[in-house]
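Notes to accompany the following structure.
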Amino acid sequence: MTGDVLPVFDAFTMVLPDDTSCIITVPITLDIASNHGVIVASKTGTFSESYSVCLVENLLQKPSVEELVKNQAILSDGRTLLDTGIIAVRGKAWADLVLIACSSQPMITELLKTRQEMSLYEDIVASWVPAKHAWLKQRPLGEDLVTGLGNHKMFSYCAYDLSFLHFGTSSEVLDHLSGIGAGLVGRRHLCSIPATTISDIAASAVIISSKIAAGVSVGEDSLIYDSSISGGIQIGSLSIVVGVNVPGVDGRFHNDTFRFMLPDRHCLWEVPLLEAGRVIVYCGLHDNPKISLAKDGTFCGKPWKKVLDDLNINEIDLWNSVGTQEKCLWNAKIFPILPYIEMLSVAMWLMGLSDRNNDTLFALWKVSTRVSLEELHCSIDFSRMCRGSTNHQADIATEIVKACLSYGIVGRNLSQLCEDILQKEASGVNICKEFLNMCPNLQAQNPAILPKSRAYQVQVDLLRACGNESVATEVEHKVWAAVSDETASAVRYGFKEDFLETSTKNLGIAYHENNLTGCLSEFFTKKVKVELPVRVDFVGGWSDTPPWSLERAGCVLNMAITLEGSLPIGTIIETTKTTGILISDEDLDQVFVEDFTSIKTPFEINDPFRLVKSALLVTGIIHDKILLSVGLKIKTWANVPRGSGLGTSSILAAAVVKGLLQITDGDESNDNVARLVLVLEQLMGTGGGWQDQIGGLYPGIKFSTSFPGIPLRLQVTPLSASPQLIKELQQRLLVVFTGQVRLAHHVLQKVVTRYLRRDNLLVSSIKRLAELAKIGRDSLMNCNIDEIGNIMLEAWRLHQELDPFCSNEFVDKLFAFADQYCSGYKLVGAGGGGFALLLGKDAASAKEMRLVLEENPEFDVRFYNWNIFLLN
């Protein structure tokens with residue numbers, strides 16, 4: 001792809017030819033085509049309702065209507081084929097391209113030596129189009145490209161409904177920022193901007209990686225990028241300023257009397273040159289540099305003839321060396337190389353903002369060394385440009401981090417900011433070390449509102465930026481300990497004590513002396529059995545997970561189901577006359593615990609009984625007198641494939657906690673059990689949120705929310721499912737085990753770390769998941785099953801943004817195959833494998849999909865019969 005294209009489509013739906021190259025095109029109107037590349041395709045080829053594949057006959061660059069007609073490039077509907085800048089190379093053509101790339105060092109050396117230029121895009125594409133070979137052979141190393149690649153041809157894949165964004169012109173950039181991309185762009189990202197009372201910056205202006213001094217004005221919908229703007233500068237609306245460093249911001253120049261104005265709809269760039277300092281370049285937003293003087297070309301939005309008349313400039317002053325070329329902005333020697341402020345003054349004169357006959361500025365401009373855009377194209381000092389840009393970003397990032405650590409609550413992504421700072425190879429690490437020394441005071445500054453987990457994460461990020469990985473790993477343990485403590489604190493008042501010292505009184509267990517210990521004189525057996533369903537989640541997962549749910553509201557839409565007619569998760573707990581605790585599972589593995597002090601954190605990761613041991617800790621049973629004279633036998637089972645994603649671990653924990661509270665006459669309410677399981681998972685070291693246990697403890701379909709604070713408040717709202725809704729769901733929704741197993745623990749740690757770092761993409765994705773849960777609730781209540789399918793698809797896409805590894809090749813292939821039958825699909829839980837939900841377009845589609853998948857040997861999956869679990 002070229003760098004000015006952003007595709008918004010599924011490339012896997014394209015049927016591309018083998019052993020050749022293929023350029024992706026779309027039909028476009030002639031006015032847009034005049035600013036871009038156009039493909040001339042053969043009238044014969046492969047045609048369908050959604051695409052066509054034809055041989056490429058020629059390539060045109062920014063063609064006029066006359067050129068389009070001459071080259072027979074206009075389609076029957078009056079449009080032409082726009083070159084999107086996206087190319088696919090396959091098979092033998094790809095092998096030859098790799099071969100020439102691997103042997104290209106002599107070519108690169110020759111280019112550097114002769115200071116010539118090769119366009120990887122234009123030149124390589126031309127090598128696949130015989131009509132361009134004559135042109136290409138005149139280019140640097142064109143003969144080599146024709147020899148190495150010219151035996152292949154190129155096809156055009158025209159996608160009639162393809163969606164993509166193009167940034168080839170300045171106006172397209174602004175259209176994107178104010179239109180479709182308005183909600184996606186950080187409008188004040190990586191910036192240093194004064195208070196609004198001493199500057200005039202429109203709310204719709206986009207300012208990225210820039211320093212803005214007091215006394216600056218920026219108009220609506222303008223873009224300022226990678227710049228430093230001093231006081232007295234006025235930038236109009238719908239303007240673009242890139243790489244401009246007006247003296248004054250860094251102390252090099254300051255003059256209260258100097259003012260510079262960039263009119264509405266103008267562009268301004270500052271470009272470092274290889275041998276002559278730097279030059280300031282400007283033009284109108286809609287100027288086309290290649291349209292000639294004779295064809296009403298413009299400069300700064302005005303026809304060239306008017307510009308020349310107004311400024312008293314002769315054509316020979318601008319185009320004395322163009323020969324037979326057409327006179328246009330591209331080859332006009334118009335941009336002077338002068339001291340900075342003089343360049344700005346001349347710029348205002350050329351843009352028509354000074355007196356009509358300003359002889360001083362005219363004389364200054366005429367005697368100066370001037371360059372055209374064409375000359376500038378070959379004279380840019382790219383290394384200095386990149387170095388200046390990275391140093392500029394590093395300086396701004398340094399100021400932001402310093403402010404965060406000195407005055408703020410560290411709401412920025414310090415890991416990302418440190419990456420910017422480390423671009424300063426000489427001093428970046430030392431800057432990060434200085435910030436690391438500020439960490440001890442960080443928590444003390446805002447102890448009431450800055451969570452310890454966030455403060456520790458800041459320290460981890462700074463340590464890694466300093467290259468101190470060993471200490472960072474040690475501090476990372478403090479991060480997770482802090483998350484655990486904060487979760488425990490949020491679940492209950494006064495629940496900050498060490499787990500090993502927590503008593504049943506603190507946990508609300510109504511333990512009675514004469515209940516169990518009374519059996520010293522006359523023992524009797526007490527036995528409880530708890531069976532629970534599994535849960536499938538439609539949308540909202542991750543918003544229930546600490547520390548998100550401790551700081552922001554969480555919303556989840558899920559459903560409790562039985563599998564194969566039974567409740568698959570359960571426990572039996574009974575008292576025994578012999579003291580000690582016997583724990584066993586469905587695999588007949590067992591352990592007998594006689595010394596209760598051995599049950600302590602941290603647990604071994606491979607301890608198969610750490611869930612039950614954690615339940616004994618959070619319920620406080622082993623630290624009271626309950627087990628001094630009686631024992632316990634605890635048996636657990638989960639008749640669900642391992643790594644199912646159905647919330648098995650949390651629901652089993654809920655069953656054990658509920659059973660222990662029942663046998664001790666404790667508070668076995670679902671709300672209390674859900675809270676204790678939330679703490680239990682932190683204690684186990686697996687982490688996790690509240691939606692799994694809520695999903696298993698409460699029957700039916702429910703919309704659950706959490707509200708941060710102390711204590712954390714959970715609200716479960718059952719959705720009264722109509723018989724019609726239940727029937728349609730059970731006919732259309734397929735629950736299938738993919739056979740792919742993946743545990744969610746490491747995924748959860750990565751997502752939580754990104755949240756602690758305040759990763760912007762992650763925060764926006766989880767916000768959207770919570771919003772979709774609310775939309776899904778209303779859709780279900782309205783029995784709009786198709787809308788639930790759309791929500792599942794968007795949720796699946798968001799899950800892949802949160803964790804790129806939540807899918808795999810098998811799952812992708814399964815969903816691609818099922819797509820024709822489905823209105824929606826997703827993996828349950830954190831993804832990566834386990835169970836999938838496939839929502840058929842209707843009952844017949846669901847039935848057909850199940851039959852086809854069961855008979856297809858390529859998909860070794862198992863469908864489970866299920867029912868919504870409803871209390872009688």
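Letters for chains follow the order of the structure tokens (A, B, ...), residue numbers begin at 1 for each chain, and ligand numbers begin at 1 in the order shown.
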Can you write out as JSON lines which residues of region 519-611 of chain A fall within 10 Å of region 687-695 of chain A, alongside each residue's closest atom pair and its distance in Å to one decimal, counting only C-alpha atoms and ordering rows by chain and ascending residue number?
{"residue": "A:Leu532", "atom": "CA", "partner": "A:Gly695", "partner_atom": "CA", "distance": 9.7}
{"residue": "A:Pro533", "atom": "CA", "partner": "A:Gly695", "partner_atom": "CA", "distance": 8.3}
{"residue": "A:Val534", "atom": "CA", "partner": "A:Gly695", "partner_atom": "CA", "distance": 7.1}
{"residue": "A:Arg535", "atom": "CA", "partner": "A:Gly695", "partner_atom": "CA", "distance": 5.0}
{"residue": "A:Val536", "atom": "CA", "partner": "A:Gly695", "partner_atom": "CA", "distance": 7.7}
{"residue": "A:Asp537", "atom": "CA", "partner": "A:Gly695", "partner_atom": "CA", "distance": 8.2}
{"residue": "A:Gly540", "atom": "CA", "partner": "A:Gln691", "partner_atom": "CA", "distance": 8.9}
{"residue": "A:Gly541", "atom": "CA", "partner": "A:Gln691", "partner_atom": "CA", "distance": 7.2}
{"residue": "A:Trp542", "atom": "CA", "partner": "A:Gly689", "partner_atom": "CA", "distance": 7.4}
{"residue": "A:Ser543", "atom": "CA", "partner": "A:Gly689", "partner_atom": "CA", "distance": 8.2}
{"residue": "A:Asp544", "atom": "CA", "partner": "A:Gly689", "partner_atom": "CA", "distance": 4.9}
{"residue": "A:Thr545", "atom": "CA", "partner": "A:Gly689", "partner_atom": "CA", "distance": 3.8}
{"residue": "A:Pro546", "atom": "CA", "partner": "A:Gly689", "partner_atom": "CA", "distance": 6.1}
{"residue": "A:Pro547", "atom": "CA", "partner": "A:Gly689", "partner_atom": "CA", "distance": 9.0}
{"residue": "A:Trp548", "atom": "CA", "partner": "A:Gly689", "partner_atom": "CA", "distance": 9.3}
{"residue": "A:Ser549", "atom": "CA", "partner": "A:Gly689", "partner_atom": "CA", "distance": 7.9}
{"residue": "A:Gly554", "atom": "CA", "partner": "A:Gln691", "partner_atom": "CA", "distance": 9.5}
{"residue": "A:Cys555", "atom": "CA", "partner": "A:Gln691", "partner_atom": "CA", "distance": 9.0}
{"residue": "A:Val556", "atom": "CA", "partner": "A:Gln691", "partner_atom": "CA", "distance": 6.8}
{"residue": "A:Leu557", "atom": "CA", "partner": "A:Gln691", "partner_atom": "CA", "distance": 8.7}
{"residue": "A:Asn558", "atom": "CA", "partner": "A:Gly695", "partner_atom": "CA", "distance": 6.3}
{"residue": "A:Met559", "atom": "CA", "partner": "A:Gly695", "partner_atom": "CA", "distance": 6.1}
{"residue": "A:Ala560", "atom": "CA", "partner": "A:Gly695", "partner_atom": "CA", "distance": 5.6}
{"residue": "A:Ile561", "atom": "CA", "partner": "A:Gly695", "partner_atom": "CA", "distance": 9.0}
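Excluding Leu165 (chain A) and any residue on its chain fewer than 4 positions from it, the residues at most 10 Å away by only C-alpha atoms are Asp4, Val5, Leu6, Pro7, Val8, Thr84, Glu172, Val173, His176, Ile180 and Gly181 of chain A.
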Only N, CA and C atoms, please: the residues just picked out, written as a short mmCIF file (atom, residue, chain, number, x, y, z; two decimals), in the first residue's frame.
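Okay, this is what ended up in part.cif:
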data_model
loop_
_atom_site.label_atom_id
_atom_site.label_comp_id
_atom_site.auth_asym_id
_atom_site.auth_seq_id
_atom_site.Cartn_x
_atom_site.Cartn_y
_atom_site.Cartn_z
N ASP A 4 -0.65 6.92 1.72
CA ASP A 4 -1.77 7.83 1.87
C ASP A 4 -3.12 7.14 1.73
N VAL A 5 -3.15 5.80 1.99
CA VAL A 5 -4.38 5.04 1.84
C VAL A 5 -4.68 4.30 3.14
N LEU A 6 -5.94 4.35 3.56
CA LEU A 6 -6.39 3.58 4.73
C LEU A 6 -7.55 2.70 4.29
N PRO A 7 -7.33 1.40 4.13
CA PRO A 7 -8.43 0.52 3.68
C PRO A 7 -9.44 0.28 4.79
N VAL A 8 -10.72 0.21 4.41
CA VAL A 8 -11.79 -0.07 5.37
C VAL A 8 -12.64 -1.18 4.75
N THR A 84 -6.36 2.79 -6.15
CA THR A 84 -6.44 3.00 -4.70
C THR A 84 -5.06 3.05 -4.04
N GLU A 172 -8.42 16.40 1.43
CA GLU A 172 -8.91 15.09 1.87
C GLU A 172 -8.57 14.83 3.33
N VAL A 173 -7.41 15.28 3.75
CA VAL A 173 -7.02 15.13 5.15
C VAL A 173 -8.00 15.87 6.05
N HIS A 176 -11.41 14.23 6.24
CA HIS A 176 -11.42 13.06 7.12
C HIS A 176 -11.47 13.48 8.59
N ILE A 180 -15.68 11.62 8.83
CA ILE A 180 -15.75 10.25 9.34
C ILE A 180 -14.77 10.00 10.48
N GLY A 181 -13.64 10.71 10.49
CA GLY A 181 -12.63 10.46 11.52
C GLY A 181 -12.70 11.38 12.71
#
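You will find CA of Tyr340 (chain A) at 15.7 Å from CA of Val241 (chain A).
If you measure from each of A:Leu174, A:Leu678, A:Ile573, A:Cys783 to Ser720 (chain A) using only C-alpha atoms, the closest one turns out to be A:Cys783.
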Taking the chain letters and numbering used in this document, name the residues of region 484-693 of chain A that DSSP puts in strand (DSSP E), as number ranges by chain.
A: 527-532, 534-539, 554-563, 569-576, 580-584, 590-593, 631-638
Residues from the last selection, N, CA and C atoms, saved as a short mmCIF file (atom, residue, chain, number, x, y, z; two decimals), in the first residue's frame:
data_model
loop_
_atom_site.label_atom_id
_atom_site.label_comp_id
_atom_site.auth_asym_id
_atom_site.auth_seq_id
_atom_site.Cartn_x
_atom_site.Cartn_y
_atom_site.Cartn_z
N LYS A 527 -24.68 -31.71 55.13
CA LYS A 527 -24.27 -31.88 53.74
C LYS A 527 -25.05 -30.90 52.84
N VAL A 528 -24.32 -30.24 51.95
CA VAL A 528 -24.97 -29.33 51.01
C VAL A 528 -24.50 -29.66 49.60
N LYS A 529 -25.38 -29.39 48.64
CA LYS A 529 -25.05 -29.58 47.23
C LYS A 529 -25.44 -28.33 46.46
N VAL A 530 -24.51 -27.80 45.68
CA VAL A 530 -24.78 -26.61 44.88
C VAL A 530 -24.48 -26.94 43.42
N GLU A 531 -25.46 -26.75 42.55
CA GLU A 531 -25.27 -26.95 41.12
C GLU A 531 -25.62 -25.65 40.39
N LEU A 532 -24.80 -25.30 39.41
CA LEU A 532 -24.99 -24.04 38.70
C LEU A 532 -24.85 -24.24 37.20
N VAL A 534 -23.73 -22.73 33.26
CA VAL A 534 -22.65 -21.90 32.71
C VAL A 534 -23.29 -20.65 32.13
N ARG A 535 -22.43 -19.72 31.68
CA ARG A 535 -22.97 -18.49 31.08
C ARG A 535 -22.40 -18.29 29.69
N VAL A 536 -23.20 -17.72 28.82
CA VAL A 536 -22.71 -17.23 27.54
C VAL A 536 -22.90 -15.72 27.54
N ASP A 537 -21.89 -15.00 27.08
CA ASP A 537 -21.96 -13.54 27.10
C ASP A 537 -22.22 -13.02 25.69
N PHE A 538 -23.20 -12.15 25.58
CA PHE A 538 -23.47 -11.50 24.31
C PHE A 538 -22.50 -10.34 24.10
N VAL A 539 -22.34 -9.49 25.13
CA VAL A 539 -21.47 -8.32 24.97
C VAL A 539 -21.26 -7.67 26.34
N GLY A 554 -19.37 -0.60 34.73
CA GLY A 554 -19.32 -1.76 33.85
C GLY A 554 -20.71 -2.21 33.48
N CYS A 555 -20.90 -2.71 32.26
CA CYS A 555 -22.20 -3.20 31.80
C CYS A 555 -21.99 -4.48 31.00
N VAL A 556 -22.74 -5.53 31.35
CA VAL A 556 -22.60 -6.83 30.68
C VAL A 556 -23.98 -7.40 30.41
N LEU A 557 -24.14 -7.99 29.23
CA LEU A 557 -25.36 -8.70 28.87
C LEU A 557 -25.00 -10.16 28.67
N ASN A 558 -25.50 -11.05 29.56
CA ASN A 558 -25.20 -12.47 29.41
C ASN A 558 -26.38 -13.34 29.79
N MET A 559 -26.21 -14.65 29.67
CA MET A 559 -27.33 -15.58 29.82
C MET A 559 -26.85 -16.88 30.45
N ALA A 560 -27.59 -17.39 31.40
CA ALA A 560 -27.29 -18.67 32.04
C ALA A 560 -27.93 -19.80 31.24
N ILE A 561 -27.15 -20.85 30.96
CA ILE A 561 -27.68 -21.96 30.16
C ILE A 561 -27.27 -23.30 30.76
N THR A 562 -28.09 -24.30 30.51
CA THR A 562 -27.72 -25.68 30.81
C THR A 562 -27.12 -26.29 29.54
N LEU A 563 -26.34 -27.33 29.71
CA LEU A 563 -25.75 -28.04 28.58
C LEU A 563 -26.20 -29.50 28.62
N ILE A 569 -21.93 -27.56 36.45
CA ILE A 569 -20.92 -27.17 37.44
C ILE A 569 -21.51 -27.34 38.84
N GLY A 570 -20.72 -27.91 39.75
CA GLY A 570 -21.27 -28.08 41.08
C GLY A 570 -20.26 -28.52 42.12
N THR A 571 -20.76 -28.60 43.34
CA THR A 571 -19.94 -29.06 44.47
C THR A 571 -20.84 -29.73 45.51
N ILE A 572 -20.27 -30.69 46.21
CA ILE A 572 -20.91 -31.28 47.40
C ILE A 572 -19.95 -31.07 48.56
N ILE A 573 -20.45 -30.47 49.63
CA ILE A 573 -19.64 -30.21 50.82
C ILE A 573 -20.35 -30.84 52.02
N GLU A 574 -19.61 -31.62 52.79
CA GLU A 574 -20.21 -32.22 53.99
C GLU A 574 -19.20 -32.25 55.12
N THR A 575 -19.74 -32.22 56.32
CA THR A 575 -18.88 -32.27 57.50
C THR A 575 -18.49 -33.72 57.79
N THR A 576 -17.31 -33.87 58.39
CA THR A 576 -16.83 -35.20 58.78
C THR A 576 -16.42 -35.18 60.25
N GLY A 580 -9.76 -32.06 59.57
CA GLY A 580 -9.00 -31.95 58.32
C GLY A 580 -9.95 -31.73 57.14
N ILE A 581 -9.38 -31.39 56.00
CA ILE A 581 -10.19 -31.08 54.82
C ILE A 581 -9.75 -32.00 53.67
N LEU A 582 -10.69 -32.76 53.12
CA LEU A 582 -10.44 -33.62 51.97
C LEU A 582 -11.07 -32.96 50.74
N ILE A 583 -10.23 -32.65 49.77
CA ILE A 583 -10.70 -31.98 48.54
C ILE A 583 -10.51 -32.93 47.37
N SER A 584 -11.53 -33.10 46.54
CA SER A 584 -11.42 -33.97 45.36
C SER A 584 -12.16 -33.32 44.20
N GLN A 590 -7.23 -35.90 44.46
CA GLN A 590 -7.63 -35.42 45.77
C GLN A 590 -6.42 -35.04 46.61
N VAL A 591 -6.68 -34.22 47.63
CA VAL A 591 -5.65 -33.83 48.57
C VAL A 591 -6.30 -33.72 49.95
N PHE A 592 -5.56 -34.14 50.97
CA PHE A 592 -6.06 -34.02 52.35
C PHE A 592 -5.22 -32.98 53.08
N VAL A 593 -5.87 -31.96 53.59
CA VAL A 593 -5.18 -30.87 54.28
C VAL A 593 -5.44 -31.00 55.77
N GLY A 631 -14.35 -31.92 60.49
CA GLY A 631 -13.63 -31.79 59.22
C GLY A 631 -14.60 -31.51 58.09
N LEU A 632 -14.04 -31.33 56.88
CA LEU A 632 -14.86 -31.08 55.70
C LEU A 632 -14.42 -31.99 54.56
N LYS A 633 -15.39 -32.42 53.80
CA LYS A 633 -15.12 -33.14 52.57
C LYS A 633 -15.74 -32.30 51.45
N ILE A 634 -14.89 -31.89 50.50
CA ILE A 634 -15.34 -31.00 49.42
C ILE A 634 -15.06 -31.68 48.09
N LYS A 635 -16.13 -31.93 47.35
CA LYS A 635 -16.00 -32.52 46.02
C LYS A 635 -16.51 -31.51 45.00
N THR A 636 -15.74 -31.32 43.91
CA THR A 636 -16.16 -30.38 42.87
C THR A 636 -16.18 -31.06 41.52
N TRP A 637 -16.96 -30.51 40.59
CA TRP A 637 -16.95 -31.01 39.22
C TRP A 637 -17.34 -29.88 38.26
N ALA A 638 -16.84 -30.00 37.06
CA ALA A 638 -17.19 -29.07 35.98
C ALA A 638 -17.20 -29.88 34.69
#
Please identify all polymer residues within 10 Å of Phe596 (chain A), counting only C-alpha atoms, omitting same-chain residues fewer than 3 positions from it, and present them as a list of chain:residue names.
A:Gly580, A:Ile581, A:Val593, A:Ile599, A:Lys600, A:Lys613, A:Leu616, A:Ile622, A:His623, A:Leu627
From a backbone DSSP assignment, name each residue in region 361-514 of chain A labelled alpha helix (DSSP H), as a PyMOL selection string.
chain A and resi 361-367+373-377+382-406+414-421+428-436+442-445+452-465+469-491
Give me a file of those residues, with C-alpha atoms, as an mmCIF file, in the first residue's frame.
data_model
loop_
_atom_site.group_PDB
_atom_site.id
_atom_site.type_symbol
_atom_site.label_atom_id
_atom_site.label_comp_id
_atom_site.auth_asym_id
_atom_site.auth_seq_id
_atom_site.Cartn_x
_atom_site.Cartn_y
_atom_site.Cartn_z
ATOM 1 C CA LEU A 361 9.323 42.894 -0.163
ATOM 2 C CA PHE A 362 9.249 42.588 -3.958
ATOM 3 C CA ALA A 363 12.933 43.557 -4.173
ATOM 4 C CA LEU A 364 13.830 41.189 -1.333
ATOM 5 C CA TRP A 365 11.986 38.341 -3.033
ATOM 6 C CA LYS A 366 13.468 39.020 -6.484
ATOM 7 C CA VAL A 367 17.119 39.020 -5.399
ATOM 8 C CA LEU A 373 8.320 22.495 -5.548
ATOM 9 C CA GLU A 374 9.999 20.368 -8.203
ATOM 10 C CA GLU A 375 13.484 21.386 -7.026
ATOM 11 C CA LEU A 376 12.451 21.088 -3.404
ATOM 12 C CA HIS A 377 11.351 17.522 -4.022
ATOM 13 C CA PHE A 382 15.090 13.923 5.157
ATOM 14 C CA SER A 383 17.451 12.845 7.920
ATOM 15 C CA ARG A 384 17.375 16.328 9.457
ATOM 16 C CA MET A 385 13.611 16.482 9.017
ATOM 17 C CA CYS A 386 13.134 13.169 10.840
ATOM 18 C CA ARG A 387 15.652 14.050 13.530
ATOM 19 C CA GLY A 388 14.030 17.420 14.131
ATOM 20 C CA SER A 389 10.576 15.856 14.304
ATOM 21 C CA THR A 390 11.602 13.155 16.795
ATOM 22 C CA ASN A 391 13.451 15.639 19.007
ATOM 23 C CA HIS A 392 10.433 17.932 18.910
ATOM 24 C CA GLN A 393 8.109 15.094 19.977
ATOM 25 C CA ALA A 394 10.564 14.014 22.680
ATOM 26 C CA ASP A 395 10.670 17.547 24.124
ATOM 27 C CA ILE A 396 6.887 17.778 24.298
ATOM 28 C CA ALA A 397 6.595 14.282 25.801
ATOM 29 C CA THR A 398 9.178 15.273 28.436
ATOM 30 C CA GLU A 399 7.136 18.306 29.468
ATOM 31 C CA ILE A 400 3.932 16.237 29.670
ATOM 32 C CA VAL A 401 5.497 13.497 31.802
ATOM 33 C CA LYS A 402 7.011 16.085 34.123
ATOM 34 C CA ALA A 403 3.613 17.736 34.550
ATOM 35 C CA CYS A 404 1.920 14.369 35.188
ATOM 36 C CA LEU A 405 4.395 13.432 37.906
ATOM 37 C CA SER A 406 4.547 16.893 39.473
ATOM 38 C CA LEU A 414 3.542 7.117 30.266
ATOM 39 C CA SER A 415 4.776 4.025 28.459
ATOM 40 C CA GLN A 416 3.943 5.639 25.134
ATOM 41 C CA LEU A 417 5.372 8.997 26.203
ATOM 42 C CA CYS A 418 8.621 7.318 27.252
ATOM 43 C CA GLU A 419 8.918 5.820 23.780
ATOM 44 C CA ASP A 420 8.816 9.364 22.404
ATOM 45 C CA ILE A 421 11.403 10.538 24.936
ATOM 46 C CA GLY A 428 16.400 10.003 26.579
ATOM 47 C CA VAL A 429 17.385 7.398 29.173
ATOM 48 C CA ASN A 430 18.757 10.049 31.547
ATOM 49 C CA ILE A 431 15.486 11.989 31.309
ATOM 50 C CA CYS A 432 13.538 8.841 32.207
ATOM 51 C CA LYS A 433 15.878 8.215 35.162
ATOM 52 C CA GLU A 434 15.132 11.704 36.479
ATOM 53 C CA PHE A 435 11.428 10.956 36.265
ATOM 54 C CA LEU A 436 11.970 7.640 38.041
ATOM 55 C CA LEU A 442 3.813 10.284 43.402
ATOM 56 C CA GLN A 443 1.492 8.335 45.695
ATOM 57 C CA ALA A 444 1.994 10.780 48.548
ATOM 58 C CA GLN A 445 0.746 13.686 46.408
ATOM 59 C CA LYS A 452 -1.509 2.296 44.162
ATOM 60 C CA SER A 453 -1.796 -0.049 41.192
ATOM 61 C CA ARG A 454 -1.580 2.918 38.823
ATOM 62 C CA ALA A 455 1.362 4.447 40.748
ATOM 63 C CA TYR A 456 3.253 1.146 40.622
ATOM 64 C CA GLN A 457 2.511 0.767 36.900
ATOM 65 C CA VAL A 458 4.029 4.198 36.283
ATOM 66 C CA GLN A 459 7.146 3.033 38.100
ATOM 67 C CA VAL A 460 7.249 -0.174 36.018
ATOM 68 C CA ASP A 461 6.994 1.784 32.764
ATOM 69 C CA LEU A 462 9.783 4.165 33.789
ATOM 70 C CA LEU A 463 12.012 1.307 34.919
ATOM 71 C CA ARG A 464 11.581 -0.417 31.573
ATOM 72 C CA ALA A 465 12.291 2.841 29.771
ATOM 73 C CA GLU A 469 13.989 -5.000 33.473
ATOM 74 C CA SER A 470 14.838 -6.983 36.618
ATOM 75 C CA VAL A 471 13.588 -4.306 39.025
ATOM 76 C CA ALA A 472 10.594 -3.644 36.769
ATOM 77 C CA THR A 473 9.602 -7.305 37.096
ATOM 78 C CA GLU A 474 9.816 -7.066 40.890
ATOM 79 C CA VAL A 475 7.658 -3.942 40.998
ATOM 80 C CA GLU A 476 5.189 -5.616 38.640
ATOM 81 C CA HIS A 477 4.306 -8.027 41.449
ATOM 82 C CA LYS A 478 3.344 -4.971 43.520
ATOM 83 C CA VAL A 479 1.024 -3.884 40.708
ATOM 84 C CA TRP A 480 -1.001 -7.100 40.899
ATOM 85 C CA ALA A 481 -0.924 -7.129 44.707
ATOM 86 C CA ALA A 482 -2.293 -3.594 44.652
ATOM 87 C CA VAL A 483 -5.049 -4.562 42.206
ATOM 88 C CA SER A 484 -5.979 -7.422 44.516
ATOM 89 C CA ASP A 485 -6.041 -5.176 47.576
ATOM 90 C CA GLU A 486 -8.036 -2.473 45.792
ATOM 91 C CA THR A 487 -10.546 -5.076 44.627
ATOM 92 C CA ALA A 488 -10.926 -6.452 48.136
ATOM 93 C CA SER A 489 -11.318 -2.965 49.556
ATOM 94 C CA ALA A 490 -13.994 -2.089 47.011
ATOM 95 C CA VAL A 491 -15.971 -5.273 47.625
#
Residues at most 9 Å from Gln715 (chain A), counting only C-alpha atoms, excluding those fewer than 2 positions away in the same chain, as a PyMOL selection string?
chain A and resi 671+703-707+713+717
Writer output for current selection, N, CA and C atoms, as a PDB file, in the first residue's frame:
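Output file out.pdb follows:
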ATOM      1  N   ASP A 671     -25.551 -11.864  45.742  1.00  0.00           N
ATOM      2  CA  ASP A 671     -24.764 -10.632  45.723  1.00  0.00           C
ATOM      3  C   ASP A 671     -23.482 -10.799  46.536  1.00  0.00           C
ATOM      4  N   PHE A 703     -29.145  -8.167  32.431  1.00  0.00           N
ATOM      5  CA  PHE A 703     -28.294  -7.006  32.158  1.00  0.00           C
ATOM      6  C   PHE A 703     -27.720  -6.582  33.500  1.00  0.00           C
ATOM      7  N   SER A 704     -26.399  -6.703  33.630  1.00  0.00           N
ATOM      8  CA  SER A 704     -25.756  -6.455  34.919  1.00  0.00           C
ATOM      9  C   SER A 704     -24.841  -5.238  34.809  1.00  0.00           C
ATOM     10  N   THR A 705     -24.849  -4.431  35.851  1.00  0.00           N
ATOM     11  CA  THR A 705     -24.005  -3.235  35.888  1.00  0.00           C
ATOM     12  C   THR A 705     -23.271  -3.170  37.213  1.00  0.00           C
ATOM     13  N   SER A 706     -22.152  -2.478  37.204  1.00  0.00           N
ATOM     14  CA  SER A 706     -21.423  -2.221  38.448  1.00  0.00           C
ATOM     15  C   SER A 706     -21.145  -0.734  38.534  1.00  0.00           C
ATOM     16  N   PHE A 707     -21.139  -0.230  39.748  1.00  0.00           N
ATOM     17  CA  PHE A 707     -20.903   1.186  39.996  1.00  0.00           C
ATOM     18  C   PHE A 707     -19.727   1.310  40.949  1.00  0.00           C
ATOM     19  N   ARG A 713     -20.783  -1.495  43.965  1.00  0.00           N
ATOM     20  CA  ARG A 713     -22.197  -1.878  43.916  1.00  0.00           C
ATOM     21  C   ARG A 713     -22.489  -2.624  42.626  1.00  0.00           C
ATOM     22  N   THR A 717     -30.175  -6.911  36.600  1.00  0.00           N
ATOM     23  CA  THR A 717     -31.543  -6.681  36.134  1.00  0.00           C
ATOM     24  C   THR A 717     -31.968  -7.835  35.242  1.00  0.00           C
TER      25      THR A 717
END
If we count only C-alpha atoms, what is near Ser199 (chain A) at a cut-off of 6 Å, once residues fewer than 2 positions away on the same chain are taken out, given as a PyMOL selection string?
chain A and resi 196-197+214-216
